[in-house]
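Undergrad: Contents of protein_22.txt (compact mmCIF, N, CA, C and O atoms) are given next:
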# COMPACT_ATOMS: atom_id res chain seq x y z
N MET A 6 -6.58 -13.41 -0.35
CA MET A 6 -5.74 -12.36 0.19
C MET A 6 -6.38 -11.02 -0.16
O MET A 6 -6.76 -10.78 -1.30
N LYS A 7 -6.47 -10.14 0.83
CA LYS A 7 -6.99 -8.80 0.59
C LYS A 7 -5.84 -7.89 0.19
O LYS A 7 -4.80 -7.85 0.84
N ILE A 8 -6.05 -7.15 -0.90
CA ILE A 8 -5.06 -6.23 -1.44
C ILE A 8 -5.71 -4.87 -1.58
O ILE A 8 -6.76 -4.74 -2.23
N VAL A 9 -5.13 -3.85 -0.96
CA VAL A 9 -5.65 -2.50 -1.08
C VAL A 9 -4.80 -1.76 -2.10
O VAL A 9 -3.58 -1.75 -2.01
N CYS A 10 -5.47 -1.16 -3.09
CA CYS A 10 -4.78 -0.53 -4.22
C CYS A 10 -5.29 0.88 -4.46
O CYS A 10 -6.48 1.15 -4.34
N SER A 11 -4.39 1.72 -4.89
CA SER A 11 -4.74 3.07 -5.30
C SER A 11 -5.40 3.01 -6.67
O SER A 11 -4.92 2.33 -7.59
N ALA A 12 -6.50 3.73 -6.83
CA ALA A 12 -7.28 3.70 -8.06
C ALA A 12 -6.55 4.32 -9.25
O ALA A 12 -6.90 4.04 -10.39
N ASN A 13 -5.54 5.14 -8.99
CA ASN A 13 -4.88 5.80 -10.12
C ASN A 13 -3.72 4.98 -10.69
O ASN A 13 -2.87 5.50 -11.39
N MET A 14 -3.73 3.69 -10.44
CA MET A 14 -2.77 2.77 -11.04
C MET A 14 -3.47 2.01 -12.16
O MET A 14 -4.44 1.29 -11.90
N PRO A 15 -3.02 2.17 -13.40
CA PRO A 15 -3.69 1.50 -14.52
C PRO A 15 -3.72 -0.03 -14.36
O PRO A 15 -2.75 -0.62 -13.89
N PHE A 16 -4.82 -0.62 -14.73
CA PHE A 16 -5.00 -2.08 -14.76
C PHE A 16 -4.80 -2.76 -13.41
O PHE A 16 -4.47 -3.94 -13.34
N VAL A 17 -5.03 -2.03 -12.34
CA VAL A 17 -4.81 -2.59 -11.00
C VAL A 17 -5.75 -3.76 -10.71
O VAL A 17 -5.34 -4.75 -10.13
N ARG A 18 -6.99 -3.66 -11.12
CA ARG A 18 -7.93 -4.77 -10.88
C ARG A 18 -7.48 -6.03 -11.63
O ARG A 18 -7.47 -7.12 -11.07
N GLU A 19 -7.13 -5.86 -12.89
CA GLU A 19 -6.73 -7.00 -13.71
C GLU A 19 -5.46 -7.66 -13.14
O GLU A 19 -5.35 -8.88 -13.08
N ALA A 20 -4.53 -6.85 -12.70
CA ALA A 20 -3.26 -7.37 -12.18
C ALA A 20 -3.45 -8.11 -10.86
O ALA A 20 -2.90 -9.19 -10.67
N PHE A 21 -4.23 -7.56 -9.96
CA PHE A 21 -4.32 -8.14 -8.63
C PHE A 21 -5.46 -9.13 -8.46
O PHE A 21 -5.48 -9.87 -7.47
N ASN A 22 -6.40 -9.19 -9.39
CA ASN A 22 -7.45 -10.21 -9.31
C ASN A 22 -6.87 -11.61 -9.34
O ASN A 22 -7.47 -12.54 -8.83
N THR A 23 -5.71 -11.77 -9.94
CA THR A 23 -5.09 -13.09 -10.02
C THR A 23 -4.47 -13.51 -8.69
O THR A 23 -4.19 -14.69 -8.48
N LEU A 24 -4.26 -12.56 -7.79
CA LEU A 24 -3.62 -12.85 -6.50
C LEU A 24 -4.57 -12.86 -5.32
O LEU A 24 -4.27 -13.44 -4.28
N GLY A 25 -5.69 -12.17 -5.45
CA GLY A 25 -6.60 -12.08 -4.31
C GLY A 25 -7.77 -11.17 -4.61
O GLY A 25 -8.24 -11.10 -5.75
N HIS A 26 -8.19 -10.46 -3.59
CA HIS A 26 -9.38 -9.62 -3.66
C HIS A 26 -8.98 -8.15 -3.50
O HIS A 26 -8.79 -7.68 -2.38
N PRO A 27 -8.83 -7.42 -4.61
CA PRO A 27 -8.41 -6.03 -4.50
C PRO A 27 -9.54 -5.10 -4.07
O PRO A 27 -10.67 -5.21 -4.55
N LEU A 28 -9.21 -4.22 -3.14
CA LEU A 28 -10.07 -3.10 -2.79
C LEU A 28 -9.42 -1.89 -3.43
O LEU A 28 -8.28 -1.53 -3.08
N VAL A 29 -10.08 -1.29 -4.40
CA VAL A 29 -9.51 -0.19 -5.17
C VAL A 29 -10.18 1.11 -4.73
O VAL A 29 -11.40 1.23 -4.81
N LYS A 30 -9.35 2.04 -4.24
CA LYS A 30 -9.86 3.32 -3.73
C LYS A 30 -8.94 4.46 -4.17
O LYS A 30 -7.77 4.22 -4.45
N ASP A 31 -9.46 5.65 -4.15
CA ASP A 31 -8.63 6.82 -4.35
C ASP A 31 -7.54 6.79 -3.30
O ASP A 31 -7.81 6.53 -2.12
N GLY A 32 -6.30 7.02 -3.70
CA GLY A 32 -5.16 6.94 -2.78
C GLY A 32 -5.29 7.84 -1.56
O GLY A 32 -4.84 7.48 -0.47
N ARG A 33 -5.89 9.00 -1.72
CA ARG A 33 -6.06 9.93 -0.59
C ARG A 33 -7.13 9.45 0.39
O ARG A 33 -7.21 9.93 1.50
N ALA A 34 -7.95 8.51 -0.05
CA ALA A 34 -9.07 8.04 0.77
C ALA A 34 -8.79 6.71 1.47
O ALA A 34 -9.64 6.21 2.20
N ILE A 35 -7.62 6.12 1.25
CA ILE A 35 -7.29 4.85 1.91
C ILE A 35 -7.08 5.11 3.40
O ILE A 35 -6.33 6.00 3.79
N THR A 36 -7.76 4.33 4.24
CA THR A 36 -7.72 4.52 5.68
C THR A 36 -7.16 3.29 6.41
O THR A 36 -7.03 2.22 5.82
N ALA A 37 -6.91 3.48 7.68
CA ALA A 37 -6.45 2.37 8.52
C ALA A 37 -7.48 1.24 8.54
O ALA A 37 -7.12 0.07 8.58
N ALA A 38 -8.76 1.58 8.51
CA ALA A 38 -9.80 0.55 8.48
C ALA A 38 -9.73 -0.27 7.19
O ALA A 38 -9.96 -1.48 7.21
N ASP A 39 -9.36 0.36 6.08
CA ASP A 39 -9.24 -0.35 4.80
C ASP A 39 -8.11 -1.37 4.84
O ASP A 39 -8.23 -2.46 4.29
N VAL A 40 -7.00 -1.02 5.45
CA VAL A 40 -5.82 -1.90 5.43
C VAL A 40 -5.73 -2.81 6.65
O VAL A 40 -4.85 -3.67 6.70
N HIS A 41 -6.62 -2.65 7.60
CA HIS A 41 -6.54 -3.41 8.85
C HIS A 41 -6.36 -4.91 8.62
O HIS A 41 -5.52 -5.55 9.26
N ASP A 42 -7.12 -5.48 7.68
CA ASP A 42 -7.05 -6.93 7.43
C ASP A 42 -6.48 -7.25 6.05
O ASP A 42 -6.69 -8.34 5.52
N ALA A 43 -5.72 -6.32 5.49
CA ALA A 43 -5.09 -6.54 4.17
C ALA A 43 -3.68 -7.10 4.36
O ALA A 43 -3.07 -6.92 5.41
N GLU A 44 -3.18 -7.75 3.33
CA GLU A 44 -1.80 -8.26 3.35
C GLU A 44 -0.88 -7.46 2.46
O GLU A 44 0.32 -7.42 2.68
N LEU A 45 -1.45 -6.81 1.45
CA LEU A 45 -0.65 -6.08 0.48
C LEU A 45 -1.27 -4.71 0.24
O LEU A 45 -2.49 -4.59 0.16
N LEU A 46 -0.42 -3.71 0.10
CA LEU A 46 -0.85 -2.34 -0.18
C LEU A 46 -0.06 -1.84 -1.38
O LEU A 46 1.17 -1.87 -1.37
N ALA A 47 -0.76 -1.42 -2.44
CA ALA A 47 -0.12 -0.91 -3.65
C ALA A 47 -0.63 0.51 -3.89
O ALA A 47 -1.84 0.71 -4.06
N VAL A 48 0.28 1.47 -3.89
CA VAL A 48 -0.13 2.88 -3.91
C VAL A 48 0.72 3.72 -4.85
O VAL A 48 1.66 3.24 -5.46
N ARG A 49 0.39 5.00 -4.87
CA ARG A 49 1.19 6.03 -5.51
C ARG A 49 1.50 7.06 -4.42
O ARG A 49 1.21 6.83 -3.25
N SER A 50 2.07 8.18 -4.78
CA SER A 50 2.54 9.14 -3.78
C SER A 50 1.44 9.88 -3.04
O SER A 50 1.71 10.57 -2.05
N THR A 51 0.20 9.74 -3.44
CA THR A 51 -0.89 10.44 -2.75
C THR A 51 -1.27 9.78 -1.43
O THR A 51 -1.99 10.36 -0.64
N THR A 52 -0.79 8.57 -1.21
CA THR A 52 -1.09 7.85 0.04
C THR A 52 0.11 7.96 0.97
O THR A 52 1.22 7.57 0.62
N LYS A 53 -0.11 8.48 2.16
CA LYS A 53 0.94 8.59 3.16
C LYS A 53 1.04 7.26 3.90
O LYS A 53 0.11 6.83 4.58
N ILE A 54 2.18 6.60 3.74
CA ILE A 54 2.41 5.29 4.35
C ILE A 54 3.17 5.52 5.65
O ILE A 54 4.35 5.86 5.65
N ASN A 55 2.47 5.34 6.78
CA ASN A 55 3.08 5.62 8.08
C ASN A 55 2.41 4.79 9.17
O ASN A 55 1.52 3.97 8.90
N ARG A 56 2.85 5.01 10.38
CA ARG A 56 2.32 4.30 11.55
C ARG A 56 0.81 4.49 11.68
O ARG A 56 0.08 3.54 11.98
N ASP A 57 0.33 5.71 11.45
CA ASP A 57 -1.10 5.98 11.59
C ASP A 57 -1.93 5.10 10.65
O ASP A 57 -3.02 4.68 11.00
N LEU A 58 -1.41 4.83 9.47
CA LEU A 58 -2.14 4.01 8.50
C LEU A 58 -2.00 2.52 8.78
O LEU A 58 -2.97 1.77 8.69
N LEU A 59 -0.80 2.07 9.14
CA LEU A 59 -0.52 0.63 9.16
C LEU A 59 -0.42 -0.03 10.53
O LEU A 59 -0.46 -1.26 10.61
N ASP A 60 -0.25 0.73 11.59
CA ASP A 60 -0.06 0.12 12.91
C ASP A 60 -1.25 -0.76 13.27
O ASP A 60 -2.40 -0.33 13.19
N GLY A 61 -1.00 -1.98 13.61
CA GLY A 61 -2.05 -2.92 13.98
C GLY A 61 -2.67 -3.65 12.79
O GLY A 61 -3.56 -4.47 12.97
N SER A 62 -2.20 -3.35 11.60
CA SER A 62 -2.75 -4.01 10.41
C SER A 62 -2.00 -5.33 10.16
O SER A 62 -0.98 -5.61 10.79
N THR A 63 -2.50 -6.09 9.21
CA THR A 63 -1.85 -7.34 8.82
C THR A 63 -1.04 -7.16 7.53
O THR A 63 -0.62 -8.16 6.94
N VAL A 64 -0.80 -5.93 7.12
CA VAL A 64 -0.04 -5.65 5.89
C VAL A 64 1.38 -6.19 6.05
O VAL A 64 2.06 -5.92 7.03
N LYS A 65 1.80 -6.96 5.04
CA LYS A 65 3.14 -7.54 5.02
C LYS A 65 4.03 -6.93 3.95
O LYS A 65 5.24 -7.08 3.98
N PHE A 66 3.40 -6.25 2.96
CA PHE A 66 4.15 -5.68 1.85
C PHE A 66 3.49 -4.41 1.36
O PHE A 66 2.26 -4.37 1.21
N VAL A 67 4.31 -3.37 1.13
CA VAL A 67 3.84 -2.12 0.54
C VAL A 67 4.66 -1.86 -0.71
O VAL A 67 5.89 -1.88 -0.67
N GLY A 68 3.98 -1.63 -1.81
CA GLY A 68 4.65 -1.26 -3.05
C GLY A 68 4.12 0.07 -3.52
O GLY A 68 2.91 0.31 -3.48
N THR A 69 5.03 0.94 -3.93
CA THR A 69 4.61 2.22 -4.47
C THR A 69 5.07 2.34 -5.91
O THR A 69 6.21 2.03 -6.23
N ALA A 70 4.18 2.76 -6.78
CA ALA A 70 4.48 2.91 -8.20
C ALA A 70 4.98 4.33 -8.46
O ALA A 70 4.45 5.06 -9.27
N THR A 71 6.02 4.70 -7.70
CA THR A 71 6.62 6.03 -7.81
C THR A 71 8.13 5.89 -7.78
O THR A 71 8.66 4.87 -7.31
N ILE A 72 8.83 6.94 -8.21
CA ILE A 72 10.29 6.89 -8.16
C ILE A 72 10.83 7.42 -6.84
O ILE A 72 12.01 7.27 -6.55
N GLY A 73 9.97 8.02 -6.04
CA GLY A 73 10.40 8.56 -4.75
C GLY A 73 9.75 7.84 -3.59
O GLY A 73 8.81 7.07 -3.76
N THR A 74 10.27 8.12 -2.39
CA THR A 74 9.75 7.47 -1.19
C THR A 74 9.39 8.48 -0.10
O THR A 74 9.18 8.09 1.05
N ASP A 75 9.30 9.77 -0.45
CA ASP A 75 9.04 10.77 0.58
C ASP A 75 7.67 10.64 1.23
O ASP A 75 7.42 11.20 2.29
N HIS A 76 6.77 9.85 0.66
CA HIS A 76 5.45 9.61 1.24
C HIS A 76 5.43 8.36 2.13
O HIS A 76 4.39 8.00 2.67
N MET A 77 6.59 7.73 2.29
CA MET A 77 6.69 6.50 3.06
C MET A 77 7.56 6.69 4.29
O MET A 77 8.65 7.25 4.19
N ASP A 78 7.10 6.22 5.43
CA ASP A 78 7.90 6.22 6.66
C ASP A 78 8.69 4.91 6.68
O ASP A 78 8.27 3.92 7.27
N ILE A 79 9.82 4.93 6.00
CA ILE A 79 10.62 3.71 5.85
C ILE A 79 11.13 3.18 7.18
O ILE A 79 11.07 1.97 7.41
N PRO A 80 11.60 4.03 8.11
CA PRO A 80 12.00 3.48 9.41
C PRO A 80 10.87 2.73 10.11
O PRO A 80 11.09 1.66 10.69
N PHE A 81 9.63 3.24 10.03
CA PHE A 81 8.50 2.52 10.62
C PHE A 81 8.29 1.18 9.92
O PHE A 81 8.09 0.15 10.57
N LEU A 82 8.30 1.19 8.58
CA LEU A 82 8.08 -0.06 7.84
C LEU A 82 9.10 -1.11 8.23
O LEU A 82 8.75 -2.27 8.48
N GLU A 83 10.36 -0.71 8.32
CA GLU A 83 11.41 -1.67 8.67
C GLU A 83 11.28 -2.13 10.11
O GLU A 83 11.46 -3.32 10.40
N GLU A 84 10.94 -1.23 11.01
CA GLU A 84 10.73 -1.59 12.42
C GLU A 84 9.58 -2.58 12.57
O GLU A 84 9.64 -3.52 13.37
N ALA A 85 8.54 -2.40 11.75
CA ALA A 85 7.36 -3.27 11.81
C ALA A 85 7.54 -4.56 11.03
O ALA A 85 6.66 -5.42 11.04
N GLY A 86 8.65 -4.71 10.32
CA GLY A 86 8.89 -5.91 9.54
C GLY A 86 8.06 -5.98 8.27
O GLY A 86 7.81 -7.06 7.74
N ILE A 87 7.64 -4.82 7.77
CA ILE A 87 6.86 -4.76 6.53
C ILE A 87 7.81 -4.54 5.37
O ILE A 87 8.55 -3.56 5.33
N GLN A 88 7.79 -5.47 4.42
CA GLN A 88 8.62 -5.34 3.22
C GLN A 88 8.06 -4.22 2.36
O GLN A 88 6.85 -3.99 2.34
N TRP A 89 8.93 -3.55 1.61
CA TRP A 89 8.47 -2.47 0.75
C TRP A 89 9.36 -2.36 -0.49
O TRP A 89 10.46 -2.87 -0.51
N CYS A 90 8.81 -1.73 -1.51
CA CYS A 90 9.59 -1.44 -2.71
C CYS A 90 9.02 -0.21 -3.39
O CYS A 90 7.90 0.22 -3.10
N TYR A 91 9.82 0.36 -4.27
CA TYR A 91 9.38 1.51 -5.06
C TYR A 91 9.92 1.35 -6.48
O TYR A 91 10.64 0.39 -6.77
N SER A 92 9.55 2.26 -7.37
CA SER A 92 9.85 2.09 -8.80
C SER A 92 10.76 3.20 -9.32
O SER A 92 10.32 4.07 -10.04
N PRO A 93 12.04 3.18 -8.95
CA PRO A 93 12.92 4.26 -9.42
C PRO A 93 13.18 4.17 -10.93
O PRO A 93 13.11 3.13 -11.51
Please rewrite the model in this file as structure tokens.

TA:
Amino acid sequence: MKIVCSANMPFVREAFNTLGHPLVKDGRAITAADVHDAELLAVRSTTKINRDLLDGSTVKFVGTATIGTDHMDIPFLEEAGIQWCYSP
């Protein structure tokens, strides 16, 4: 399983190596091409989660390690059937 992760999350490689193949990048640099064939996206608030990033991708789950969701287009995620969570 391909997992795209924000680099500013501590121990992200160690945590996700057990589940699949993490691609670790600066959150501001994550692109639609990066997530096109990914199943999971783990980010912080520097990554804008929206239609431009995820439309046409195979992402099934987005998790953000933040207490807010203002960087996430939740109506789009729900319309697309993409599960999501955040860390309040």

Undergrad: From the set A:Ser62, A:Thr36, A:Asn55, A:Thr23, which residue has the shortest atom-to-atom contact distance to A:Ile79, counting all atoms listed in the file?

TA: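 Of the candidates, the smallest distance to A:Ile79 is held by A:Asn55.
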
Undergrad: Applying 5 Å and only N, CA, C and O atoms, which residues near stretch 66-69 of chain A remain after dropping the ones on its own chain fewer than 3 positions away? List them as a list in words.

TA: Glu44, Leu45, Leu46, Ala47, Val48, Gln88, Trp89, Cys90, Tyr91 and Ser92 of chain A

Undergrad: Could you work out how far atom N of A:Phe81 lies from atom CA of A:Thr63, giving the answer in Å with one decimal?

TA: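 Taking atom CA of A:Thr63 and atom N of A:Phe81, their separation equals 15.7 Å.
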
Undergrad: May I ask for the distance between atom C of A:Ala70 and atom O of A:Glu84, given in Å to one decimal place?

TA: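 Pair atom C of A:Ala70 / atom O of A:Glu84 returns 23.7 Å.
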
Undergrad: Please list as a ChimeraX atom specification every residue within 9 Å of A:Leu58, counting only C-alpha atoms and excluding residues in the same chain fewer than 4 positions away.

TA: /A:35-38,40-41,53-54,62

Undergrad: Taking into account only C-alpha atoms, which residue in the set A:Arg49, A:Lys65, A:Lys7, A:Arg56 is nearest to A:Arg33?

TA: A:Arg49

Undergrad: Do you have the atom O of A:Pro27-atom N of A:Ile8 distance handy?

TA: 6.2 Å

Undergrad: Which residues, protein or nucleic acid, reach to within 5 Å of (-4.0, -12.3, -0.1) in the file's coordinates when using only N, CA, C and O atoms, and can you give that as a list in words?

TA: Met6, Lys7, Leu24 and Gly25 of chain A

Undergrad: Report the centre and edge lengths, in Å to one decimal, of an axis-aligned box enclosing every atom of stretch 84-91 of chain A listed in the file, padded by 6 Å on each side, as JSON.

TA:
{"center_x": 8.8, "center_y": -2.8, "center_z": 3.3, "size_x": 16.3, "size_y": 20.6, "size_z": 32.1}

Undergrad: Output as a ChimeraX atom specification all residues of chain A that backbone DSSP marks as strand (DSSP E).

TA: /A:7-11,26-30,45-48,66-69,88-90

Undergrad: Going by DSSP on the backbone, which bits of chain A are helix (DSSP H, G or I)? Write them as a VMD selection string, please.

TA: chain A and resid 17 to 21 32 to 34 37 to 40 56 to 59 79 to 85

Undergrad: I need the residue nearest A:Lys30 from this list: A:Gly61, A:Gly73, A:Gly86, A:Val17. Use only C-alpha atoms for the distance.

TA: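 Of A:Gly61, A:Gly73, A:Gly86, A:Val17, the one nearest A:Lys30, counting only C-alpha atoms, is A:Val17.
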
Undergrad: Which one is closest to A:Ile72: A:Phe21, A:Pro93, A:Val9, A:Leu28? Count only C-alpha atoms.

TA: A:Pro93

Undergrad: Of the candidates A:Arg18, A:Asn13, A:Val29, A:Thr51, which shows the shortest atom-to-atom distance to A:His76, using only N, CA, C and O atoms?

TA: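 Among A:Arg18, A:Asn13, A:Val29, A:Thr51, it is A:Thr51 that comes nearest to A:His76.
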
Undergrad: When you get a chance, write out all heavy atoms for stretch 15-26 of chain A, as a PDB file, in the coordinates of the input.

TA:
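Output file selection.pdb is given in full below:
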ATOM      1  N   PRO A  15      -3.020   2.170 -13.400  1.00  0.00           N
ATOM      2  CA  PRO A  15      -3.690   1.500 -14.520  1.00  0.00           C
ATOM      3  C   PRO A  15      -3.720  -0.030 -14.360  1.00  0.00           C
ATOM      4  O   PRO A  15      -2.750  -0.620 -13.890  1.00  0.00           O
ATOM      5  CB  PRO A  15      -2.853   1.886 -15.738  1.00  0.00           C
ATOM      6  CG  PRO A  15      -2.105   3.108 -15.317  1.00  0.00           C
ATOM      7  CD  PRO A  15      -1.901   2.977 -13.832  1.00  0.00           C
ATOM      8  N   PHE A  16      -4.820  -0.620 -14.730  1.00  0.00           N
ATOM      9  CA  PHE A  16      -5.000  -2.080 -14.760  1.00  0.00           C
ATOM     10  C   PHE A  16      -4.800  -2.760 -13.410  1.00  0.00           C
ATOM     11  O   PHE A  16      -4.470  -3.940 -13.340  1.00  0.00           O
ATOM     12  CB  PHE A  16      -4.079  -2.722 -15.811  1.00  0.00           C
ATOM     13  CG  PHE A  16      -4.244  -2.131 -17.178  1.00  0.00           C
ATOM     14  CD1 PHE A  16      -3.279  -1.300 -17.715  1.00  0.00           C
ATOM     15  CD2 PHE A  16      -5.388  -2.394 -17.913  1.00  0.00           C
ATOM     16  CE1 PHE A  16      -3.439  -0.742 -18.964  1.00  0.00           C
ATOM     17  CE2 PHE A  16      -5.559  -1.838 -19.173  1.00  0.00           C
ATOM     18  CZ  PHE A  16      -4.580  -1.010 -19.706  1.00  0.00           C
ATOM     19  N   VAL A  17      -5.030  -2.030 -12.340  1.00  0.00           N
ATOM     20  CA  VAL A  17      -4.810  -2.590 -11.000  1.00  0.00           C
ATOM     21  C   VAL A  17      -5.750  -3.760 -10.710  1.00  0.00           C
ATOM     22  O   VAL A  17      -5.340  -4.750 -10.130  1.00  0.00           O
ATOM     23  CB  VAL A  17      -4.874  -1.480  -9.933  1.00  0.00           C
ATOM     24  CG1 VAL A  17      -6.280  -0.982  -9.704  1.00  0.00           C
ATOM     25  CG2 VAL A  17      -4.260  -1.933  -8.647  1.00  0.00           C
ATOM     26  N   ARG A  18      -6.990  -3.660 -11.120  1.00  0.00           N
ATOM     27  CA  ARG A  18      -7.930  -4.770 -10.880  1.00  0.00           C
ATOM     28  C   ARG A  18      -7.480  -6.030 -11.630  1.00  0.00           C
ATOM     29  O   ARG A  18      -7.470  -7.120 -11.070  1.00  0.00           O
ATOM     30  CB  ARG A  18      -9.339  -4.389 -11.300  1.00  0.00           C
ATOM     31  CG  ARG A  18     -10.020  -3.424 -10.381  1.00  0.00           C
ATOM     32  CD  ARG A  18     -11.468  -3.210 -10.801  1.00  0.00           C
ATOM     33  NE  ARG A  18     -12.001  -1.983 -10.268  1.00  0.00           N
ATOM     34  CZ  ARG A  18     -12.411  -1.812  -9.025  1.00  0.00           C
ATOM     35  NH1 ARG A  18     -12.338  -2.809  -8.183  1.00  0.00           N
ATOM     36  NH2 ARG A  18     -12.875  -0.653  -8.623  1.00  0.00           N
ATOM     37  N   GLU A  19      -7.130  -5.860 -12.890  1.00  0.00           N
ATOM     38  CA  GLU A  19      -6.730  -7.000 -13.710  1.00  0.00           C
ATOM     39  C   GLU A  19      -5.460  -7.660 -13.140  1.00  0.00           C
ATOM     40  O   GLU A  19      -5.350  -8.880 -13.080  1.00  0.00           O
ATOM     41  CB  GLU A  19      -6.473  -6.570 -15.155  1.00  0.00           C
ATOM     42  CG  GLU A  19      -7.710  -6.099 -15.892  1.00  0.00           C
ATOM     43  CD  GLU A  19      -8.049  -4.627 -15.665  1.00  0.00           C
ATOM     44  OE1 GLU A  19      -7.427  -3.964 -14.811  1.00  0.00           O
ATOM     45  OE2 GLU A  19      -8.960  -4.141 -16.341  1.00  0.00           O
ATOM     46  N   ALA A  20      -4.530  -6.850 -12.700  1.00  0.00           N
ATOM     47  CA  ALA A  20      -3.260  -7.370 -12.180  1.00  0.00           C
ATOM     48  C   ALA A  20      -3.450  -8.110 -10.860  1.00  0.00           C
ATOM     49  O   ALA A  20      -2.900  -9.190 -10.670  1.00  0.00           O
ATOM     50  CB  ALA A  20      -2.259  -6.240 -12.005  1.00  0.00           C
ATOM     51  N   PHE A  21      -4.230  -7.560  -9.960  1.00  0.00           N
ATOM     52  CA  PHE A  21      -4.320  -8.140  -8.630  1.00  0.00           C
ATOM     53  C   PHE A  21      -5.460  -9.130  -8.460  1.00  0.00           C
ATOM     54  O   PHE A  21      -5.480  -9.870  -7.470  1.00  0.00           O
ATOM     55  CB  PHE A  21      -4.379  -7.033  -7.575  1.00  0.00           C
ATOM     56  CG  PHE A  21      -3.069  -6.315  -7.430  1.00  0.00           C
ATOM     57  CD1 PHE A  21      -2.926  -5.005  -7.835  1.00  0.00           C
ATOM     58  CD2 PHE A  21      -1.962  -6.974  -6.915  1.00  0.00           C
ATOM     59  CE1 PHE A  21      -1.709  -4.347  -7.713  1.00  0.00           C
ATOM     60  CE2 PHE A  21      -0.741  -6.335  -6.795  1.00  0.00           C
ATOM     61  CZ  PHE A  21      -0.615  -5.024  -7.195  1.00  0.00           C
ATOM     62  N   ASN A  22      -6.400  -9.190  -9.390  1.00  0.00           N
ATOM     63  CA  ASN A  22      -7.450 -10.210  -9.310  1.00  0.00           C
ATOM     64  C   ASN A  22      -6.870 -11.610  -9.340  1.00  0.00           C
ATOM     65  O   ASN A  22      -7.470 -12.540  -8.830  1.00  0.00           O
ATOM     66  CB  ASN A  22      -8.453 -10.047 -10.459  1.00  0.00           C
ATOM     67  CG  ASN A  22      -9.598  -9.142 -10.104  1.00  0.00           C
ATOM     68  OD1 ASN A  22      -9.926  -8.952  -8.939  1.00  0.00           O
ATOM     69  ND2 ASN A  22     -10.215  -8.570 -11.120  1.00  0.00           N
ATOM     70  N   THR A  23      -5.710 -11.770  -9.940  1.00  0.00           N
ATOM     71  CA  THR A  23      -5.090 -13.090 -10.020  1.00  0.00           C
ATOM     72  C   THR A  23      -4.470 -13.510  -8.690  1.00  0.00           C
ATOM     73  O   THR A  23      -4.190 -14.690  -8.480  1.00  0.00           O
ATOM     74  CB  THR A  23      -3.988 -13.118 -11.097  1.00  0.00           C
ATOM     75  OG1 THR A  23      -2.968 -12.190 -10.751  1.00  0.00           O
ATOM     76  CG2 THR A  23      -4.553 -12.770 -12.469  1.00  0.00           C
ATOM     77  N   LEU A  24      -4.260 -12.560  -7.790  1.00  0.00           N
ATOM     78  CA  LEU A  24      -3.620 -12.850  -6.500  1.00  0.00           C
ATOM     79  C   LEU A  24      -4.570 -12.860  -5.320  1.00  0.00           C
ATOM     80  O   LEU A  24      -4.270 -13.440  -4.280  1.00  0.00           O
ATOM     81  CB  LEU A  24      -2.535 -11.796  -6.211  1.00  0.00           C
ATOM     82  CG  LEU A  24      -1.389 -11.714  -7.201  1.00  0.00           C
ATOM     83  CD1 LEU A  24      -0.496 -10.537  -6.853  1.00  0.00           C
ATOM     84  CD2 LEU A  24      -0.610 -13.010  -7.203  1.00  0.00           C
ATOM     85  N   GLY A  25      -5.690 -12.170  -5.450  1.00  0.00           N
ATOM     86  CA  GLY A  25      -6.600 -12.080  -4.310  1.00  0.00           C
ATOM     87  C   GLY A  25      -7.770 -11.170  -4.610  1.00  0.00           C
ATOM     88  O   GLY A  25      -8.240 -11.100  -5.750  1.00  0.00           O
ATOM     89  N   HIS A  26      -8.190 -10.460  -3.590  1.00  0.00           N
ATOM     90  CA  HIS A  26      -9.380  -9.620  -3.660  1.00  0.00           C
ATOM     91  C   HIS A  26      -8.980  -8.150  -3.500  1.00  0.00           C
ATOM     92  O   HIS A  26      -8.790  -7.680  -2.380  1.00  0.00           O
ATOM     93  CB  HIS A  26     -10.374 -10.014  -2.581  1.00  0.00           C
ATOM     94  CG  HIS A  26     -10.691 -11.473  -2.607  1.00  0.00           C
ATOM     95  ND1 HIS A  26     -11.488 -12.040  -3.577  1.00  0.00           N
ATOM     96  CD2 HIS A  26     -10.283 -12.484  -1.818  1.00  0.00           C
ATOM     97  CE1 HIS A  26     -11.553 -13.331  -3.380  1.00  0.00           C
ATOM     98  NE2 HIS A  26     -10.836 -13.634  -2.307  1.00  0.00           N
TER      99      HIS A  26
END
